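S.K.: Take a look at entry_35.txt, compact mmCIF, C-alpha atoms:
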# COMPACT_ATOMS: atom_id res chain seq x y z
CA MET H 19 -12.49 24.00 -18.57
CA ALA H 20 -12.94 25.51 -22.02
CA GLY H 21 -10.17 23.41 -23.52
CA GLY H 22 -11.72 20.21 -22.22
CA SER H 23 -15.10 21.28 -23.54
CA GLU H 24 -13.77 21.85 -27.05
CA ILE H 25 -12.29 18.35 -27.33
CA PHE H 26 -15.19 16.61 -25.57
CA TYR H 27 -16.70 14.71 -28.50
CA GLY H 28 -13.43 13.26 -29.79
CA GLY H 29 -12.81 11.74 -26.37
CA ILE H 30 -15.96 9.60 -26.34
CA PRO H 31 -15.13 5.93 -27.10
CA VAL H 32 -16.79 4.44 -30.20
CA PHE H 33 -19.01 1.43 -29.52
CA ARG H 34 -19.75 -1.38 -31.97
CA GLY H 35 -22.90 -3.43 -32.08
CA PHE H 36 -26.12 -1.46 -32.52
CA ALA H 37 -27.95 -3.71 -30.04
CA ARG H 38 -26.05 -1.94 -27.23
CA LEU H 39 -27.59 1.45 -28.01
CA MET H 40 -29.74 1.61 -24.86
CA ASP H 41 -26.82 1.08 -22.45
CA PRO H 42 -26.69 4.35 -20.46
CA ALA H 43 -22.98 3.85 -19.77
CA LEU H 44 -22.25 4.59 -23.43
CA TYR H 45 -23.65 8.13 -23.21
CA ALA H 46 -21.64 11.09 -21.87
CA PRO H 47 -23.31 14.35 -20.79
CA LEU H 48 -22.61 17.33 -23.02
CA PRO H 49 -20.63 20.13 -21.35
CA ASP H 50 -22.82 22.92 -19.95
CA ASP H 51 -21.29 25.52 -22.27
CA TRP H 52 -22.27 23.67 -25.46
CA SER H 53 -25.40 24.34 -27.52
CA VAL H 54 -27.84 22.10 -29.35
CA GLY H 55 -28.84 22.95 -32.92
CA VAL H 56 -32.15 21.77 -34.34
CA ALA H 57 -33.69 22.29 -37.77
CA ASP H 58 -36.72 21.04 -39.64
CA ILE H 59 -38.87 21.79 -42.66
CA VAL H 60 -42.10 23.64 -41.92
CA GLU H 61 -45.06 21.75 -43.41
CA SER H 62 -42.88 18.91 -44.65
CA THR H 63 -46.02 16.78 -44.89
CA ARG H 64 -47.36 19.09 -47.58
CA ALA H 65 -44.05 18.96 -49.48
CA ILE H 66 -44.09 15.17 -49.31
CA ALA H 67 -47.70 15.08 -50.51
CA ALA H 68 -46.43 17.02 -53.53
CA GLN H 69 -43.80 14.26 -54.00
CA ARG H 70 -40.89 16.57 -53.17
CA TYR H 71 -39.06 13.85 -51.27
CA LYS H 72 -35.61 14.67 -52.62
CA ALA H 73 -35.98 18.38 -51.88
CA VAL H 74 -36.97 17.67 -48.27
CA ASN H 75 -34.04 15.28 -47.75
CA MET H 76 -31.62 17.66 -49.45
CA ALA H 77 -32.65 20.42 -47.05
CA GLY H 78 -32.12 18.19 -44.01
CA ALA H 79 -28.71 17.01 -45.21
CA ALA H 80 -27.72 20.60 -46.10
CA VAL H 81 -27.82 21.47 -42.39
CA VAL H 82 -25.13 18.88 -41.66
CA ALA H 83 -23.07 19.79 -44.73
CA SER H 84 -23.08 23.54 -44.12
CA VAL H 85 -22.12 23.28 -40.43
CA THR H 86 -19.41 20.70 -41.19
CA ASN H 87 -17.91 22.93 -43.88
CA ALA H 88 -18.16 26.00 -41.66
CA LEU H 89 -16.18 24.12 -39.01
CA GLU H 90 -13.58 23.14 -41.64
CA GLY H 91 -14.19 19.47 -41.02
CA ARG H 92 -13.85 19.53 -37.22
CA GLU H 93 -15.79 16.66 -35.70
CA PHE H 94 -19.09 17.36 -33.96
CA PRO H 95 -22.07 15.16 -33.07
CA PHE H 96 -25.06 15.27 -35.42
CA VAL H 97 -28.02 13.19 -36.54
CA PHE H 98 -30.01 13.36 -39.77
CA GLY H 99 -33.78 13.22 -39.33
CA GLY H 100 -35.12 13.15 -42.90
CA ASP H 101 -36.80 16.55 -42.98
CA GLY H 102 -34.22 18.13 -40.69
CA ALA H 103 -31.22 17.50 -38.48
CA SER H 104 -29.98 17.93 -34.92
CA PHE H 105 -26.47 18.48 -33.62
CA ALA H 106 -24.40 19.75 -30.71
CA ILE H 107 -21.74 22.41 -30.95
CA ALA H 108 -18.85 23.63 -28.80
CA PRO H 109 -18.83 27.29 -27.70
CA ALA H 110 -15.87 28.21 -29.90
CA ASP H 111 -17.78 27.02 -32.97
CA LEU H 112 -21.13 28.55 -32.08
CA GLY H 113 -20.72 31.66 -34.24
CA HIS H 114 -19.68 29.62 -37.28
CA ALA H 115 -22.65 27.27 -36.79
CA ARG H 116 -25.08 30.18 -36.43
CA ALA H 117 -23.89 31.76 -39.67
CA ALA H 118 -24.05 28.42 -41.50
CA LEU H 119 -27.60 27.77 -40.26
CA ALA H 120 -28.77 31.25 -41.28
CA ALA H 121 -27.27 30.82 -44.75
CA THR H 122 -28.79 27.34 -45.11
CA ALA H 123 -32.24 28.59 -44.12
CA ARG H 124 -31.94 31.28 -46.82
CA TRP H 125 -30.76 28.77 -49.44
CA VAL H 126 -33.58 26.33 -48.64
CA ARG H 127 -36.08 29.15 -49.05
CA ASP H 128 -34.61 30.60 -52.25
CA ASP H 129 -33.46 27.45 -54.06
CA LEU H 130 -35.73 24.69 -52.76
CA ASP H 131 -38.87 26.78 -52.12
CA LEU H 132 -39.20 25.34 -48.63
CA VAL H 133 -39.09 26.93 -45.18
CA LEU H 134 -36.37 25.65 -42.85
CA ARG H 135 -36.72 26.75 -39.25
CA VAL H 136 -33.62 26.54 -37.09
CA ALA H 137 -32.70 27.17 -33.47
CA LEU H 138 -29.63 27.03 -31.25
CA VAL H 139 -30.49 26.11 -27.67
CA PRO H 140 -27.93 26.34 -24.82
CA VAL H 141 -27.42 23.07 -22.99
CA ALA H 142 -27.68 25.03 -19.74
CA SER H 143 -31.23 26.08 -20.70
CA ILE H 144 -32.14 22.47 -21.49
CA ARG H 145 -30.91 21.29 -18.10
CA ALA H 146 -32.64 24.17 -16.34
CA ALA H 147 -35.90 22.83 -17.81
CA GLY H 148 -35.27 19.38 -16.37
CA ALA H 149 -34.02 17.58 -19.49
CA ASP H 150 -30.50 16.48 -20.38
CA VAL H 151 -28.34 15.90 -23.45
CA ARG H 152 -26.05 12.90 -23.50
CA VAL H 153 -24.16 11.66 -26.51
CA ALA H 154 -22.63 8.36 -27.63
CA ARG H 155 -20.63 7.38 -30.72
CA PHE H 156 -21.74 4.34 -32.71
CA GLY H 157 -19.36 2.89 -35.28
CA PRO H 158 -21.27 1.09 -38.06
CA SER H 159 -17.92 0.35 -39.73
CA ALA H 160 -14.22 0.99 -39.26
CA ASN H 161 -14.59 4.08 -41.47
CA LEU H 162 -16.56 6.46 -39.26
CA SER H 163 -18.86 6.89 -36.29
CA TYR H 164 -22.31 8.44 -35.85
CA ALA H 165 -23.60 10.35 -32.85
CA MET H 166 -26.54 9.13 -30.81
CA PHE H 167 -28.37 11.28 -28.26
CA SER H 168 -30.35 10.53 -25.11
CA GLY H 169 -31.73 12.45 -22.15
CA GLY H 170 -34.71 14.19 -23.71
CA GLY H 171 -32.75 17.33 -24.58
CA LEU H 172 -33.21 17.12 -28.35
CA ALA H 173 -36.96 16.71 -27.91
CA PHE H 174 -36.99 19.77 -25.63
CA ALA H 175 -34.96 21.79 -28.15
CA ASP H 176 -37.24 20.75 -31.01
CA ALA H 177 -40.35 21.77 -29.07
CA ALA H 178 -38.75 25.11 -28.13
CA MET H 179 -37.87 25.76 -31.79
CA LYS H 180 -41.47 25.11 -32.83
CA ARG H 181 -42.61 27.64 -30.22
CA GLY H 182 -40.31 30.22 -31.83
CA GLU H 183 -37.71 30.21 -29.06
CA PHE H 184 -33.92 30.40 -29.60
CA SER H 185 -34.57 30.86 -33.34
CA VAL H 186 -31.95 31.69 -35.95
CA ASP H 187 -33.28 33.98 -38.67
CA PRO H 188 -32.45 33.35 -42.35
CA ALA H 189 -29.49 35.28 -43.75
CA PRO H 190 -30.11 38.14 -46.21
CA PRO H 191 -31.28 37.19 -49.73
CA GLY H 192 -28.51 35.89 -51.93
CA THR H 193 -26.47 34.40 -49.09
CA GLN H 194 -25.14 31.00 -50.13
CA PRO H 195 -23.93 28.37 -47.61
CA ASP H 196 -20.92 26.22 -48.36
CA LEU H 197 -22.51 22.90 -49.33
CA SER H 198 -19.41 21.38 -50.90
CA GLY H 199 -19.64 17.59 -50.96
CA LEU H 200 -23.45 17.45 -50.82
CA SER H 201 -25.04 15.41 -53.60
CA CYS H 202 -27.90 13.05 -54.41
CA ARG H 203 -26.73 11.26 -57.55
CA PHE H 204 -27.90 7.73 -56.79
CA GLU H 205 -31.25 6.37 -57.89
CA GLU H 206 -33.90 5.03 -55.56
CA MET H 207 -33.25 1.63 -54.00
CA PRO H 208 -36.26 -0.72 -54.40
CA SER H 209 -37.06 -3.09 -51.56
CA ALA H 210 -35.53 -6.55 -51.99
CA ARG H 211 -37.67 -8.12 -49.27
CA GLY H 212 -41.05 -6.51 -49.91
CA VAL H 213 -41.27 -3.34 -47.78
CA ILE H 214 -39.12 -0.33 -46.96
CA LEU H 215 -40.29 0.41 -43.43
CA SER H 216 -39.67 3.78 -41.75
CA VAL H 217 -39.68 3.30 -37.97
CA LEU H 218 -39.89 6.05 -35.35
CA VAL H 219 -40.34 5.09 -31.67
CA MET H 220 -40.42 7.71 -28.90
CA PRO H 221 -40.98 7.35 -25.14
CA MET H 222 -44.21 8.49 -23.57
CA PRO H 223 -43.49 11.59 -21.46
CA SER H 224 -44.72 9.92 -18.28
CA GLY H 225 -43.76 6.38 -19.25
CA ASP H 226 -41.42 3.98 -17.47
CA PRO H 227 -37.84 4.39 -18.82
CA THR H 228 -36.99 0.78 -18.01
CA ALA H 229 -40.02 -0.49 -19.94
CA PHE H 230 -39.14 1.81 -22.85
CA ARG H 231 -35.60 0.45 -22.93
CA LYS H 232 -36.99 -3.09 -23.02
CA VAL H 233 -39.24 -2.28 -25.99
CA ILE H 234 -36.37 -0.73 -27.97
CA GLU H 235 -34.06 -3.63 -27.19
CA ASP H 236 -36.79 -6.09 -28.25
CA ILE H 237 -37.33 -4.30 -31.57
CA VAL H 238 -33.61 -4.04 -32.33
CA ALA H 239 -32.94 -7.66 -31.38
CA ARG H 240 -35.78 -8.88 -33.60
CA VAL H 241 -34.35 -6.93 -36.54
CA GLU H 242 -30.71 -7.82 -35.85
CA ASN H 243 -31.39 -11.55 -35.54
CA SER H 244 -33.75 -11.91 -38.49
CA PRO H 245 -32.92 -12.77 -42.10
CA ASP H 246 -36.16 -10.97 -42.95
CA ALA H 247 -34.71 -7.48 -42.38
CA GLY H 248 -31.58 -5.59 -43.28
CA ARG H 249 -30.10 -2.35 -44.53
CA PRO H 250 -31.94 -0.91 -47.54
CA VAL H 251 -28.70 -0.32 -49.47
CA PRO H 252 -27.81 -3.19 -51.86
CA SER H 253 -24.43 -4.81 -51.22
CA ALA H 254 -23.33 -3.71 -54.71
CA GLY H 255 -24.37 -0.13 -53.96
CA PRO H 256 -27.41 1.86 -55.09
CA PRO H 257 -28.33 2.12 -58.78
CA LEU H 258 -26.41 4.83 -60.64
CA ARG H 259 -27.54 6.36 -63.93
CA TRP H 260 -26.67 9.42 -65.96
CA PRO H 261 -27.92 12.05 -65.87
CA PRO H 262 -28.84 11.53 -62.23
CA GLN H 263 -32.30 12.43 -60.93
CA GLY H 264 -30.85 14.89 -58.41
CA ILE H 265 -28.92 16.96 -60.95
CA ASP H 266 -30.88 20.15 -60.33
CA TYR H 267 -30.48 19.99 -56.55
CA GLU H 268 -26.74 19.46 -56.82
CA ALA H 269 -26.47 22.40 -59.24
CA ARG H 270 -28.36 24.61 -56.81
CA ALA H 271 -26.04 23.56 -54.00
CA ARG H 272 -22.96 24.80 -55.89
CA ARG H 273 -21.57 28.29 -55.55
CA GLY H 274 -20.70 30.69 -58.35
CA GLY H 275 -22.20 31.50 -61.73
CA SER H 276 -25.73 31.30 -63.04
CA LEU H 277 -27.86 28.24 -62.42
CA ALA H 278 -27.48 27.26 -66.08
CA VAL H 279 -23.69 27.36 -65.80
CA ARG H 280 -23.73 25.41 -62.54
CA ARG H 281 -26.03 22.81 -64.09
CA ALA H 282 -23.69 22.41 -67.06
CA VAL H 283 -20.71 21.97 -64.74
CA VAL H 284 -22.53 19.37 -62.68
CA LEU H 285 -23.65 17.51 -65.79
CA ALA H 286 -20.07 17.32 -67.04
CA PHE H 287 -18.66 16.28 -63.67
CA THR H 288 -21.32 13.64 -63.02
CA LEU H 289 -20.77 12.16 -66.50
CA TRP H 290 -17.08 11.80 -65.68
CA ALA H 291 -17.87 10.31 -62.27
CA TYR H 292 -20.46 7.96 -63.80
CA ALA H 293 -17.87 6.65 -66.27
CA LEU H 294 -15.37 6.00 -63.48
CA MET H 295 -17.95 4.14 -61.42
CA ARG H 296 -19.58 2.29 -64.33
CA PHE H 297 -16.29 0.93 -65.69
CA ASN H 298 -14.46 0.72 -62.33
CA ILE H 299 -11.64 3.05 -63.39
CA PRO H 300 -9.29 3.98 -60.51
CA ILE H 301 -7.93 7.53 -60.42
CA GLY H 302 -4.98 8.02 -58.11
CA ARG H 303 -6.02 6.79 -54.66
CA PHE H 304 -9.70 6.67 -55.63
CA VAL H 305 -10.84 3.10 -56.30
CA PRO H 306 -14.54 2.86 -57.26
CA LYS H 307 -15.07 -0.60 -55.74
CA THR H 308 -13.57 0.54 -52.44
CA TYR H 309 -15.73 3.66 -52.42
CA VAL H 310 -18.90 1.65 -53.04
CA ARG H 311 -18.03 -0.81 -50.27
CA GLN H 312 -17.48 2.10 -47.87
CA LEU H 313 -20.69 3.72 -49.04
CA VAL H 314 -22.68 0.61 -48.13
CA GLU H 315 -20.95 0.28 -44.76
CA ASN H 316 -21.37 4.00 -43.96
CA SER H 317 -25.09 4.19 -44.77
CA ASP H 318 -26.97 5.80 -41.90
CA PHE H 319 -30.11 3.65 -41.78
CA ARG H 320 -30.55 3.35 -38.00
CA LYS H 321 -29.92 5.76 -35.15
CA TYR H 322 -31.09 6.99 -31.78
CA ASP H 323 -31.88 10.63 -30.94
CA ASP H 324 -34.17 10.51 -27.89
CA GLY H 325 -36.02 7.85 -29.87
CA LEU H 326 -35.30 5.00 -32.26
CA ARG H 327 -35.17 5.73 -36.01
CA MET H 328 -34.70 3.02 -38.62
CA ILE H 329 -35.17 2.59 -42.35
CA LEU H 330 -35.46 -1.15 -42.92
CA ASP H 331 -35.79 -3.38 -45.93
CA CYS H 332 -37.98 -6.15 -44.52
CA THR H 333 -40.71 -8.64 -45.29
CA PRO H 334 -44.36 -7.60 -44.84
CA GLU H 335 -44.64 -10.29 -42.16
CA LEU H 336 -41.80 -8.82 -40.09
CA ALA H 337 -43.24 -5.32 -40.54
CA ALA H 338 -46.54 -6.59 -39.14
CA GLU H 339 -44.76 -8.28 -36.22
CA LEU H 340 -42.88 -5.09 -35.32
CA GLU H 341 -46.08 -3.09 -35.56
CA GLN H 342 -47.89 -5.48 -33.22
CA ARG H 343 -45.10 -5.16 -30.64
CA LEU H 344 -45.44 -1.38 -30.83
CA VAL H 345 -49.24 -1.48 -30.67
CA THR H 346 -48.97 -3.44 -27.43
CA ALA H 347 -46.36 -1.06 -25.97
CA ALA H 348 -48.42 1.98 -26.94
CA ALA H 349 -51.52 0.52 -25.29
CA GLN H 350 -49.45 0.07 -22.12
CA GLY H 351 -48.47 3.75 -22.17
CA ILE H 352 -44.80 3.03 -22.85
CA VAL H 353 -44.20 4.41 -26.38
CA ARG H 354 -45.51 6.64 -29.10
CA TYR H 355 -44.61 5.41 -32.55
CA GLY H 356 -44.98 6.06 -36.25
CA LEU H 357 -44.51 3.58 -39.09
CA HIS H 358 -44.56 4.25 -42.81
CA ARG H 359 -44.43 1.61 -45.53
CA GLN H 360 -43.10 2.31 -49.03
CA ASP H 361 -41.54 0.46 -51.92
CA ALA H 362 -38.09 2.07 -52.06
CA ALA H 363 -35.44 3.94 -50.10
CA MET H 364 -33.34 6.92 -51.14
CA MET H 365 -29.86 8.21 -50.34
CA THR H 366 -28.42 11.70 -49.94
CA CYS H 367 -24.63 11.84 -49.77
CA PHE H 368 -22.14 14.10 -48.04
CA THR H 369 -18.67 13.36 -49.40
CA PRO H 370 -16.21 16.17 -48.64
CA SER H 371 -13.44 14.03 -50.16
CA VAL H 372 -13.64 10.76 -52.08
CA MET H 373 -10.07 10.08 -50.94
CA ARG H 374 -11.24 9.62 -47.35
CA SER H 375 -13.25 6.72 -45.97
CA ASP H 376 -15.53 8.75 -43.68
CA HIS H 377 -18.04 9.95 -46.28
CA VAL H 378 -21.59 9.98 -44.92
CA HIS H 379 -24.70 8.61 -46.67
CA PHE H 380 -28.10 9.52 -45.26
CA ILE H 381 -30.90 7.01 -45.84
CA ASP H 382 -34.62 7.74 -45.85
CA GLY H 383 -37.74 6.22 -47.31
CA ALA H 384 -38.43 7.31 -50.87
CA ARG H 385 -42.16 7.94 -50.38
CA GLY H 386 -42.27 10.00 -47.23
CA GLY H 387 -39.83 8.22 -44.93
CA TYR H 388 -39.19 9.62 -41.49
CA ALA H 389 -41.40 12.67 -42.03
CA SER H 390 -44.44 10.50 -42.76
CA ALA H 391 -43.64 8.26 -39.78
CA ALA H 392 -43.43 11.39 -37.60
CA THR H 393 -46.81 12.56 -38.91
CA ALA H 394 -48.33 9.23 -37.91
CA LEU H 395 -46.76 9.59 -34.46
CA LYS H 396 -48.10 13.12 -34.00
CA MET H 397 -51.57 11.98 -35.02
CA GLY H 398 -51.44 9.16 -32.51
CA VAL H 399 -51.92 6.55 -35.21
CA VAL H 400 -51.39 3.13 -33.64
Mind converting the file's structure to structure tokens?
M.R.:
Amino acid sequence: MAGGSEIFYGGIPVFRGFARLMDPALYAPLPDDWSVGVADIVESTRAIAAQRYKAVNMAGAAVVASVTNALEGREFPFVFGGDGASFAIAPADLGHARAALAATARWVRDDLDLVLRVALVPVASIRAAGADVRVARFGPSANLSYAMFSGGGLAFADAAMKRGEFSVDPAPPGTQPDLSGLSCRFEEMPSARGVILSVLVMPMPSGDPTAFRKVIEDIVARVENSPDAGRPVPSAGPPLRWPPQGIDYEARARRGGSLAVRRAVVLAFTLWAYALMRFNIPIGRFVPKTYVRQLVENSDFRKYDDGLRMILDCTPELAAELEQRLVTAAAQGIVRYGLHRQDAAMMTCFTPSVMRSDHVHFIDGARGGYASAATALKMGVV
């Protein structure tokens, strides 16, 4: 029924405890009349080689922000992938999502000088090809939940997009998406334990699903139970300075007026916000200390979207141990993986309202992150 389809995602129970992520009972199949959206930056490796890390992350987060704003805040499942994003959308929202994706692709091209390719793939087409799309809701805190995907459907949609199928063309020049709430004001977060490790682990196409589950559960358990690894966001929040490094990107994300005017507005607003945060000045229901605590709790540093993604702050010894476990699993034909070591992590924020607790903070490595890990995976580096 259409009505049941529209309210599908809100009816999925939220699970706590990331170690449970491989339990198939947590994942519900998407309705047949839904669609999967996928987006990524073309030649992101080249952009990263040019040290355009923030631009690449801003483009990926813009996909989530534009679709969320187009849906007027209605909940839908999505996952941030560093140089792109994936999501699922109900049929009633498909037109809004298509327009938002087209506008975002145009904005990324015009304002970030990058190429964002996007596609909307019907779930029915995914299932006809033998894959599936199932979704779970993981609650990292009491504030919000994140979607997780299994079934191979996102991987199928991504491959179809790269073949040019189901593509969404960029909107006409000058089209501006609604990116309200998107920002990147915080500074990089240096590793406290020695290494910021980007982890990407995918199943081998012909591998044993049970063996793959065991590898993922082993990796997650080793991280969860070790004092040598943790979230890359400091408990006191990321460093904040003024003017912020991401000032130009935030100005470009705003609507209305020349870029110079938008930059001036953002400078003034971020100075005011910096003063509130720096001196812990509450304004109405906004309490800086509460916001920072929620920011830390809401940081999206681990997820599952047909494969395990994590950004960890860990010791070099633990990084080597995780790598050895993956080397062994790859040699057994169970996984493909990519790892990337760097000295810091970075955050891109989507905060539609500071008065709500469900603001989202996307974490990636600050020197290539997920995109570099994916490059290692594609190259078969083990």
S.K.: Can you work out which one of H:Pro188, H:Gly225, H:Gly148, H:Pro334 has the shortest atom-to-atom distance to Trp125 of chain H, counting all atoms listed in the file?
M.R.: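 The answer is H:Pro188, which sits nearest to Trp125 of chain H.
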S.K.: Could you state the separation of atom CA of Arg135 of chain H and atom CA of Val378 of chain H in Å, given to one decimal place?
M.R.: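 We find that atom CA of Arg135 of chain H and atom CA of Val378 of chain H lie 23.3 Å from each other.
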S.K.: Which neighbours of segment 83-95 of chain H fall inside 7 Å, counting all atoms listed in the file, when residues of the same chain fewer than 4 positions from it are skipped, and could you give them as a PyMOL selection string?
M.R.: chain H and resi 27+79+105-107+111+114-115+118+122+165+195-197+200+368
S.K.: With a distance cut-off of 7 Å and all atoms listed in the file, select the neighbouring residues of segment 210-215 of chain H, excluding the residue or stretch itself and same-chain residues fewer than 6 positions from it, and output the selection as number ranges by chain.
M.R.: H: 329-334, 357-363, 383
S.K.: Residues around (-38.0, 23.9, -31.5), cut-off 9 Å, counting all atoms listed in the file - what are they as a list of chain:residue names?
M.R.: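 Output: H:Val56, H:Ala57, H:Asp58, H:Arg135, H:Val136, H:Ala137, H:Leu138, H:Val139, H:Leu172, H:Ala173, H:Phe174, H:Ala175, H:Asp176, H:Ala177, H:Ala178, H:Met179, H:Lys180, H:Arg181, H:Gly182, H:Glu183, H:Phe184, H:Ser185.
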S.K.: Could you jot down the atom CA of Ser62 of chain H to atom CA of Val314 of chain H separation for me, Å, one decimal place?
M.R.: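 Rounded to one decimal, the two atoms are 27.5 Å apart.
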S.K.: Give me, please, the distance in Å between atom CA of Ser159 of chain H and atom CA of Gly29 of chain H, quoted to one decimal.
M.R.: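 According to the coordinates, atom CA of Ser159 of chain H and atom CA of Gly29 of chain H are separated by 18.3 Å.
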S.K.: Near Thr308 of chain H, counting all atoms listed in the file, which residues have an atom at most 10 Å away, once you skip same-chain residues fewer than 6 positions from it, shown as a PyMOL selection string?
M.R.: chain H and resi 298+300+375
S.K.: If we count all atoms listed in the file and set the cut-off at 12 Å, which residues sit around Ser244 of chain H, ignoring sequence neighbours fewer than 2 positions away in its own chain? Please answer as a ChimeraX atom specification.
M.R.: /H:237-242,246-249,330-333,335-337,339-340
S.K.: Of the candidates H:Pro256, H:Pro208, H:Pro190, H:Gly351, which shows the shortest atom-to-atom distance to Ala117 of chain H, using all atoms listed in the file?
M.R.: H:Pro190
S.K.: If we count all atoms listed in the file and set the cut-off at 12 Å, which residues sit around Ala37 of chain H, ignoring sequence neighbours fewer than 2 positions away in its own chain? Please answer as JSON, numbers by chain.
M.R.: {"H": [33, 34, 35, 39, 40, 41, 156, 158, 231, 232, 234, 235, 236, 237, 238, 239, 240, 241, 242, 243, 320, 321, 322, 326]}
S.K.: Taking all atoms listed in the file into account, name the residue in H:Pro191, H:Gly386, H:Pro261, H:Gly157 that is nearest to Arg38 of chain H.
M.R.: H:Gly157
S.K.: Just write segment 187-207 of chain H with N, CA and C atoms, as an mmCIF file, in the first residue's frame, taken from the block above.
M.R.:
data_model
loop_
_atom_site.group_PDB
_atom_site.id
_atom_site.type_symbol
_atom_site.label_atom_id
_atom_site.label_comp_id
_atom_site.auth_asym_id
_atom_site.auth_seq_id
_atom_site.Cartn_x
_atom_site.Cartn_y
_atom_site.Cartn_z
ATOM 1 N N ASP H 187 20.673 14.403 -14.722
ATOM 2 C CA ASP H 187 21.512 15.449 -15.304
ATOM 3 C C ASP H 187 21.531 16.690 -14.418
ATOM 4 N N PRO H 188 22.622 17.456 -14.441
ATOM 5 C CA PRO H 188 22.669 18.705 -13.678
ATOM 6 C C PRO H 188 21.589 19.672 -14.135
ATOM 7 N N ALA H 189 21.100 20.475 -13.211
ATOM 8 C CA ALA H 189 20.112 21.508 -13.523
ATOM 9 C C ALA H 189 20.762 22.594 -14.383
ATOM 10 N N PRO H 190 19.971 23.475 -14.975
ATOM 11 C CA PRO H 190 20.531 24.562 -15.796
ATOM 12 C C PRO H 190 21.482 25.445 -14.975
ATOM 13 N N PRO H 191 22.444 26.083 -15.641
ATOM 14 C CA PRO H 191 23.373 26.977 -14.942
ATOM 15 C C PRO H 191 22.639 28.018 -14.098
ATOM 16 N N GLY H 192 23.187 28.260 -12.920
ATOM 17 C CA GLY H 192 22.594 29.246 -12.027
ATOM 18 C C GLY H 192 21.618 28.663 -11.023
ATOM 19 N N THR H 193 21.227 27.408 -11.217
ATOM 20 C CA THR H 193 20.317 26.774 -10.259
ATOM 21 C C THR H 193 21.049 26.540 -8.941
ATOM 22 N N GLN H 194 20.415 26.913 -7.848
ATOM 23 C CA GLN H 194 21.042 26.815 -6.533
ATOM 24 C C GLN H 194 20.212 25.897 -5.641
ATOM 25 N N PRO H 195 20.775 24.824 -5.110
ATOM 26 C CA PRO H 195 20.022 23.978 -4.174
ATOM 27 C C PRO H 195 19.862 24.674 -2.835
ATOM 28 N N ASP H 196 18.928 24.212 -2.048
ATOM 29 C CA ASP H 196 18.765 24.713 -0.689
ATOM 30 C C ASP H 196 19.701 23.916 0.215
ATOM 31 N N LEU H 197 20.804 24.534 0.608
ATOM 32 C CA LEU H 197 21.798 23.884 1.457
ATOM 33 C C LEU H 197 21.804 24.470 2.864
ATOM 34 N N SER H 198 20.676 25.007 3.276
ATOM 35 C CA SER H 198 20.566 25.597 4.614
ATOM 36 C C SER H 198 21.011 24.591 5.673
ATOM 37 N N GLY H 199 21.827 25.045 6.596
ATOM 38 C CA GLY H 199 22.288 24.194 7.685
ATOM 39 C C GLY H 199 23.605 23.496 7.422
ATOM 40 N N LEU H 200 24.115 23.582 6.168
ATOM 41 C CA LEU H 200 25.372 22.917 5.827
ATOM 42 C C LEU H 200 26.541 23.831 6.141
ATOM 43 N N SER H 201 27.511 23.333 6.876
ATOM 44 C CA SER H 201 28.664 24.159 7.246
ATOM 45 C C SER H 201 29.873 23.278 7.506
ATOM 46 N N CYS H 202 31.042 23.914 7.565
ATOM 47 C CA CYS H 202 32.275 23.184 7.910
ATOM 48 C C CYS H 202 33.184 24.135 8.675
ATOM 49 N N ARG H 203 32.701 24.586 9.829
ATOM 50 C CA ARG H 203 33.398 25.636 10.588
ATOM 51 C C ARG H 203 34.488 25.107 11.504
ATOM 52 N N PHE H 204 34.453 23.833 11.845
ATOM 53 C CA PHE H 204 35.420 23.323 12.811
ATOM 54 C C PHE H 204 36.755 23.015 12.150
ATOM 55 N N GLU H 205 37.803 23.112 12.934
ATOM 56 C CA GLU H 205 39.148 22.822 12.450
ATOM 57 C C GLU H 205 39.378 21.307 12.422
ATOM 58 N N GLU H 206 40.467 20.920 11.800
ATOM 59 C CA GLU H 206 40.823 19.504 11.789
ATOM 60 C C GLU H 206 41.053 18.994 13.216
ATOM 61 N N MET H 207 40.834 17.686 13.386
ATOM 62 C CA MET H 207 40.980 17.057 14.692
ATOM 63 C C MET H 207 42.185 16.123 14.664
#
